[in-house]
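Have a look at protein-v8.tsv; it's TSV, C-alpha atoms:
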chain	number	residue	atom	x	y	z
E	1	MET	CA	8.06	4.88	22.15
E	2	VAL	CA	8.38	4.43	18.46
E	3	ASP	CA	7.42	1.05	17.09
E	4	GLN	CA	7.59	1.80	13.45
E	5	ILE	CA	8.95	0.24	10.29
E	6	GLU	CA	9.96	2.59	7.51
E	7	ARG	CA	11.18	1.65	4.06
E	8	GLU	CA	11.74	3.53	0.85
E	9	LEU	CA	12.36	2.31	-2.67
E	10	LEU	CA	12.82	3.99	-6.03
E	11	LEU	CA	11.07	2.07	-8.79
E	12	PRO	CA	11.41	2.46	-12.57
E	13	ALA	CA	7.69	2.82	-13.20
E	14	SER	CA	4.95	5.43	-13.06
E	15	PRO	CA	2.96	5.91	-9.83
E	16	GLU	CA	-0.07	4.42	-11.64
E	17	GLU	CA	1.83	1.23	-12.47
E	18	VAL	CA	3.16	0.93	-8.93
E	19	TRP	CA	-0.30	1.63	-7.49
E	20	ASN	CA	-1.80	-1.14	-9.59
E	21	LEU	CA	0.84	-3.59	-8.40
E	22	VAL	CA	0.71	-2.76	-4.70
E	23	THR	CA	-3.09	-2.89	-4.52
E	24	ALA	CA	-3.40	-6.07	-6.58
E	25	PRO	CA	-3.46	-9.62	-5.19
E	26	GLY	CA	0.01	-11.07	-4.87
E	27	TRP	CA	1.83	-8.21	-3.20
E	28	LEU	CA	0.41	-7.38	0.23
E	29	ALA	CA	-0.81	-10.97	0.37
E	30	ASP	CA	-1.64	-13.80	-2.02
E	31	ASP	CA	-5.32	-12.89	-1.95
E	32	VAL	CA	-6.24	-9.26	-1.38
E	33	VAL	CA	-9.62	-7.62	-0.96
E	34	LEU	CA	-9.24	-3.85	-0.77
E	35	GLU	CA	-12.22	-1.58	-0.95
E	36	LEU	CA	-10.40	1.60	-1.91
E	37	ILE	CA	-12.58	4.08	-0.06
E	38	PRO	CA	-12.26	5.47	3.47
E	39	GLY	CA	-13.79	2.92	5.82
E	40	GLY	CA	-13.71	0.25	3.12
E	41	ASP	CA	-13.13	-3.40	3.92
E	42	ALA	CA	-9.73	-4.98	3.67
E	43	GLN	CA	-8.80	-8.64	3.82
E	44	PHE	CA	-5.45	-10.28	3.21
E	45	VAL	CA	-4.96	-14.02	2.90
E	46	SER	CA	-1.66	-15.81	2.38
E	47	GLY	CA	-2.04	-19.53	2.89
E	48	GLU	CA	-3.03	-20.06	6.52
E	49	GLN	CA	-2.48	-16.45	7.46
E	50	VAL	CA	-5.52	-14.21	7.40
E	51	LYS	CA	-5.46	-10.52	8.21
E	52	ASP	CA	-8.59	-8.41	8.43
E	53	GLY	CA	-8.78	-4.66	8.45
E	54	TRP	CA	-10.17	-1.53	6.92
E	55	VAL	CA	-9.07	1.29	4.66
E	56	GLU	CA	-8.37	4.65	6.23
E	57	GLU	CA	-7.46	6.58	3.10
E	58	ALA	CA	-7.04	5.68	-0.56
E	59	VAL	CA	-5.93	8.26	-3.10
E	60	ALA	CA	-4.98	6.70	-6.41
E	61	PRO	CA	-2.34	8.57	-8.45
E	62	GLY	CA	-3.96	11.08	-10.78
E	63	THR	CA	-7.16	11.40	-8.76
E	64	GLY	CA	-6.88	13.72	-5.77
E	65	GLY	CA	-3.24	14.34	-4.97
E	66	GLY	CA	-1.94	15.05	-8.46
E	67	ASP	CA	0.47	12.34	-9.63
E	68	ALA	CA	1.11	11.14	-6.10
E	69	GLY	CA	-0.79	8.29	-4.48
E	70	ARG	CA	-1.52	7.39	-0.91
E	71	LEU	CA	-2.97	4.31	0.75
E	72	ALA	CA	-3.44	3.96	4.48
E	73	PHE	CA	-5.05	0.93	6.04
E	74	TRP	CA	-5.21	-1.09	9.24
E	75	TRP	CA	-4.73	-4.82	9.45
E	76	ALA	CA	-4.58	-7.45	12.15
E	77	ALA	CA	-4.16	-11.18	12.24
E	78	ASP	CA	-6.66	-12.94	14.49
E	79	GLY	CA	-5.72	-12.24	18.11
E	80	ASP	CA	-2.98	-9.73	17.30
E	81	PRO	CA	-3.23	-5.98	17.83
E	82	ALA	CA	-3.96	-4.03	14.66
E	83	THR	CA	-1.18	-2.13	12.94
E	84	ARG	CA	-1.40	0.80	10.56
E	85	VAL	CA	0.20	0.67	7.14
E	86	GLU	CA	0.79	3.73	5.01
E	87	LEU	CA	2.04	3.61	1.44
E	88	THR	CA	2.95	6.79	-0.37
E	89	LEU	CA	3.84	6.97	-4.04
E	90	GLU	CA	5.68	10.05	-5.25
E	91	PRO	CA	6.59	10.56	-8.88
E	92	GLU	CA	10.29	11.15	-9.40
E	93	GLY	CA	11.75	12.31	-12.69
E	94	GLU	CA	10.24	11.13	-15.95
E	95	ALA	CA	9.22	7.58	-15.22
E	96	SER	CA	10.16	6.68	-11.69
E	97	THR	CA	8.26	6.40	-8.44
E	98	ARG	CA	9.46	6.67	-4.90
E	99	LEU	CA	7.50	4.20	-2.80
E	100	ARG	CA	7.51	4.79	0.92
E	101	VAL	CA	6.15	2.26	3.41
E	102	ILE	CA	5.39	2.85	7.07
E	103	GLU	CA	3.93	0.25	9.38
E	104	ALA	CA	3.26	1.35	12.94
E	105	ARG	CA	2.02	-0.41	16.02
E	106	PRO	CA	-0.97	0.78	18.08
E	107	LEU	CA	1.07	2.02	21.02
E	108	ASP	CA	2.21	4.83	18.75
E	109	ALA	CA	-0.79	5.01	16.52
E	110	LEU	CA	-3.10	5.58	19.48
E	111	ASP	CA	-1.82	9.13	19.39
E	112	VAL	CA	-4.24	9.73	16.54
E	113	VAL	CA	-7.21	8.95	18.79
E	114	GLY	CA	-9.94	11.45	18.10
E	115	ILE	CA	-10.25	11.05	14.36
E	116	PRO	CA	-13.69	9.55	13.69
E	117	LEU	CA	-13.76	6.02	12.39
E	118	PRO	CA	-16.14	5.72	9.44
E	119	GLY	CA	-19.04	3.40	9.94
E	120	SER	CA	-18.73	3.04	13.68
E	121	GLY	CA	-20.94	5.85	14.89
E	122	GLY	CA	-18.18	8.31	15.55
E	123	ALA	CA	-15.92	5.99	17.51
E	124	SER	CA	-12.24	6.76	17.23
E	125	TYR	CA	-9.24	4.59	16.47
E	126	GLY	CA	-8.80	3.67	20.10
E	127	PRO	CA	-12.04	1.70	20.34
E	128	ALA	CA	-11.46	0.38	16.84
E	129	LEU	CA	-8.19	-1.11	18.01
E	130	LEU	CA	-9.87	-2.52	21.07
E	131	ALA	CA	-12.35	-4.26	18.84
E	132	ALA	CA	-9.64	-5.43	16.47
E	133	ALA	CA	-7.57	-6.82	19.32
Y	1	MET	CA	-0.56	-10.48	22.92
Y	2	THR	CA	3.02	-10.06	23.84
Y	3	ILE	CA	3.06	-9.23	27.52
Y	4	PRO	CA	2.96	-12.45	29.55
Y	5	GLY	CA	-0.20	-12.79	31.58
Y	6	VAL	CA	-1.72	-9.55	30.39
Y	7	GLY	CA	-4.32	-9.38	27.65
Y	8	ALA	CA	-4.39	-6.92	24.81
Y	9	ASP	CA	-7.65	-5.55	26.20
Y	10	ALA	CA	-5.95	-4.51	29.42
Y	11	VAL	CA	-3.20	-2.76	27.49
Y	12	PHE	CA	-5.53	-0.92	25.14
Y	13	GLY	CA	-7.90	-0.12	27.97
Y	14	ALA	CA	-5.07	1.44	29.93
Y	15	LEU	CA	-3.96	3.42	26.87
Y	16	ALA	CA	-7.44	4.58	25.90
Y	17	ASP	CA	-7.13	7.50	28.32
Y	18	PRO	CA	-5.14	10.52	27.07
Y	19	THR	CA	-3.79	11.34	30.53
Y	20	ARG	CA	-2.44	7.81	30.87
Y	21	ARG	CA	-0.80	8.01	27.43
Y	22	ARG	CA	0.82	11.26	28.46
Y	23	LEU	CA	2.01	9.77	31.74
Y	24	LEU	CA	3.43	6.76	29.94
Y	25	SER	CA	5.38	8.83	27.45
Y	26	THR	CA	6.70	11.07	30.24
Y	27	ILE	CA	7.86	8.03	32.22
Y	28	ALA	CA	9.33	6.45	29.08
Y	29	GLU	CA	11.64	9.46	28.84
Y	30	HIS	CA	12.51	9.42	32.51
Y	31	PRO	CA	11.40	7.20	35.41
Y	32	ALA	CA	9.45	9.25	37.94
Y	33	THR	CA	7.48	9.19	41.19
Y	34	ALA	CA	3.79	10.03	41.49
Y	35	THR	CA	4.69	13.29	43.24
Y	36	GLU	CA	7.03	14.36	40.44
Y	37	LEU	CA	4.40	13.49	37.83
Y	38	ALA	CA	1.68	15.37	39.69
Y	39	GLY	CA	3.93	18.43	39.69
Y	40	SER	CA	4.11	18.43	35.90
Y	41	LEU	CA	0.43	17.76	35.20
Y	42	PRO	CA	-2.72	19.70	36.07
Y	43	ILE	CA	-4.15	16.80	38.10
Y	44	SER	CA	-3.87	15.75	41.74
Y	45	ARG	CA	-1.31	13.28	43.02
Y	46	GLN	CA	-4.22	11.01	43.95
Y	47	ALA	CA	-5.43	10.99	40.35
Y	48	VAL	CA	-1.90	10.33	39.09
Y	49	VAL	CA	-1.60	7.33	41.42
Y	50	LYS	CA	-4.88	5.94	40.08
Y	51	HIS	CA	-3.66	6.23	36.48
Y	52	LEU	CA	-0.31	4.70	37.39
Y	53	SER	CA	-2.10	1.72	38.94
Y	54	ALA	CA	-4.04	1.15	35.72
Y	55	LEU	CA	-0.83	1.30	33.67
Y	56	SER	CA	0.94	-1.04	36.10
Y	57	GLU	CA	-1.91	-3.55	36.02
Y	58	ALA	CA	-1.72	-3.57	32.23
Y	59	GLY	CA	1.94	-4.52	32.51
Y	60	LEU	CA	3.17	-1.26	31.04
Y	61	LEU	CA	4.87	0.11	34.16
Y	62	GLU	CA	7.13	-1.31	36.83
Y	63	ARG	CA	7.27	-0.05	40.39
Y	64	ARG	CA	10.60	0.38	42.17
Y	65	ARG	CA	10.74	1.53	45.77
Y	66	ALA	CA	13.06	4.53	46.15
Y	67	GLY	CA	13.26	5.58	49.80
Y	68	ARG	CA	9.76	6.60	50.86
Y	69	GLU	CA	8.51	6.97	47.32
Y	70	VAL	CA	7.74	4.53	44.58
Y	71	ARG	CA	9.45	5.25	41.29
Y	72	TYR	CA	7.75	4.12	38.10
Y	73	ARG	CA	9.46	3.11	34.92
Y	74	VAL	CA	8.32	1.59	31.64
Y	75	THR	CA	8.42	-2.20	31.60
Y	76	PRO	CA	11.30	-3.33	29.44
Y	77	ALA	CA	9.44	-6.43	28.20
Y	78	PRO	CA	7.31	-4.63	25.58
Y	79	LEU	CA	10.45	-2.95	24.29
Y	80	SER	CA	12.26	-6.19	23.61
Y	81	ASP	CA	9.06	-7.40	22.01
Y	82	ALA	CA	9.19	-4.27	19.88
Y	83	VAL	CA	12.61	-5.27	18.65
Y	84	SER	CA	11.39	-8.69	17.54
Y	85	TRP	CA	8.29	-7.19	15.95
Y	86	MET	CA	10.39	-4.73	14.00
Y	87	ALA	CA	12.72	-7.46	12.84
Y	88	GLN	CA	9.89	-9.74	11.72
Y	89	VAL	CA	7.65	-7.16	10.08
Y	90	GLY	CA	10.64	-5.33	8.63
Y	91	ALA	CA	11.80	-8.52	6.94
Y	92	GLN	CA	8.34	-9.00	5.41
Y	93	TRP	CA	8.46	-5.51	3.91
Y	94	ASP	CA	11.98	-6.10	2.63
Y	95	ASP	CA	10.70	-9.20	0.83
Y	96	ARG	CA	7.70	-7.36	-0.63
Y	97	LEU	CA	9.82	-4.46	-1.84
Y	98	ALA	CA	12.39	-6.80	-3.34
Y	99	SER	CA	9.71	-8.65	-5.27
Y	100	LEU	CA	8.27	-5.37	-6.48
Y	101	ALA	CA	11.68	-4.17	-7.65
Y	102	GLN	CA	12.16	-7.46	-9.43
Y	103	THR	CA	8.77	-7.25	-11.14
Y	104	LEU	CA	9.41	-3.72	-12.35
Y	105	GLY	CA	13.14	-3.52	-12.70
Y	106	GLU	CA	14.36	-6.75	-14.14
Y	107	PRO	CA	13.66	-8.20	-17.55
Y	108	GLY	CA	11.45	-11.24	-17.52
Y	109	PRO	CA	12.88	-14.71	-18.09
Y	110	ARG	CA	14.72	-14.69	-21.39
Y	111	GLU	CA	14.26	-17.38	-23.93
Y	112	LEU	CA	17.47	-19.08	-24.91

What does the file become when written as structure tokens?
Amino acid sequence: MVDQIERELLLPASPEEVWNLVTAPGWLADDVVLELIPGGDAQFVSGEQVKDGWVEEAVAPGTGGGDAGRLAFWWAADGDPATRVELTLEPEGEASTRLRVIEARPLDALDVVGIPLPGSGGASYGPALLAAA
Amino acid sequence: MTIPGVGADAVFGALADPTRRRLLSTIAEHPATATELAGSLPISRQAVVKHLSALSEAGLLERRRAGREVRYRVTPAPLSDAVSWMAQVGAQWDDRLASLAQTLGEPGPREL
């Protein structure tokens, strides 16, 4: 079963510019708190809608993966199962960036059970999702 | 949660076990009986039946009697829910990407 959204967009800007926009308040939600470290806190508020989550991986362009950037996080509205979002930013040509978005639901994402969840005493994503749900 | 009468905890609890995930994905490809499933896995038919019960109780599997055996298949309800989820969440991403393209691609409001 594949419950997954996938989108791709070519943008006329550098990966750094795109990174700054997608991690800033106003894009993922009106108000965004993103602690850009593995296991960091994440909170997204748009009006009445509040989503809580945590950061799985955050590699800003120009830091670890060369010019490319990568952000993976989990979020869940109160009472909903958590979903996993992955944004990848690949430089293309002189001044363009290919932004790829994947959002997947737990039924698929549970396949990654076994990877330790930071800050939870070695629990894996499965229990994390149980807690989030 | 999306499955009527069944909580998210029951679903995630049922899916927390790797054998049950494997059974579910096998059945998703092709409805099967406990005997058939036991033949393809290194566990007893009795153990398979136990796992199938857990998956059924979580609303993930349906039981259909086929002669002497019970054939299991994946409940269609979560799949139609998947369609609506994909439509809703997909539309949100379309909006976000469109606004990003507009921010980066189009000139700001021009003064007349």

message: Report, in Å with one decimal, the straight-line distance from CA of Arg63 in chain Y to CA of Trp85 in chain Y.
response: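 These atoms are spaced 25.5 Å apart.
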
message: Using only C-alpha atoms for the distances, tell me which of Y:Ala54, Y:Ala66, Y:Leu37, Y:Leu60 is nearest to chain E.
response: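 Checking each candidate against chain E, we get Y:Leu60 as the closest.
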
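Across the model, the gap from CA of Val85 in chain E to CA of Asp17 in chain Y is 23.4 Å.
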
- prompt: To one decimal place, how far is CA of Val59 in chain E from CA of Val45 in chain E in Å?
  reply: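 Pair CA of Val59 in chain E / CA of Val45 in chain E returns 23.1 Å.
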
message: Counting all atoms listed in the file, which residues have an atom no more than 6 Å from (-9.0, -10.4, 2.9) in the file's coordinates? Please list them as a list of chain:residue names.
response: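 Collected hits near the coordinates: E:Val32, E:Val33, E:Ala42, E:Gln43, E:Phe44, E:Val45, E:Asp52.
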
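Using all atoms listed in the file, the shortest contact distance between chain E and any of Y:Pro31, Y:Gly67, Y:Gly13, Y:Pro76 is found at Y:Gly13.
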
task: Compare E:Glu57, E:Glu94, E:Ala104, E:Asp80 by their minimum atom-to-atom distance to chain Y, counting only C-alpha atoms, and give me the closest one.
output: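 Checking each candidate against chain Y, we get E:Asp80 as the closest.
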
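Nearest to chain Y of all the residues E:Glu103, E:Asp31, E:Asp67, E:Glu48 is E:Glu103, based on only C-alpha atoms.
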
- prompt: Which is closer to chain Y than all the others in E:Leu71, E:Val50, E:Ala95, E:Ala60, using only C-alpha atoms?
  reply: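 For chain Y, the nearest of the candidates is E:Ala95.
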
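Using only C-alpha atoms for every distance, the candidate list E:Ala58, E:Leu89, E:Leu34, E:Ala13 yields E:Ala13 as the residue closest to chain Y.
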
field: Test item: residues at most 10 Å from Thr35 in chain Y, only C-alpha atoms, excluding those fewer than 3 positions along its chain, as a PyMOL selection string
entry: chain Y and resi 32+38-40+44-46+48-49+69-71
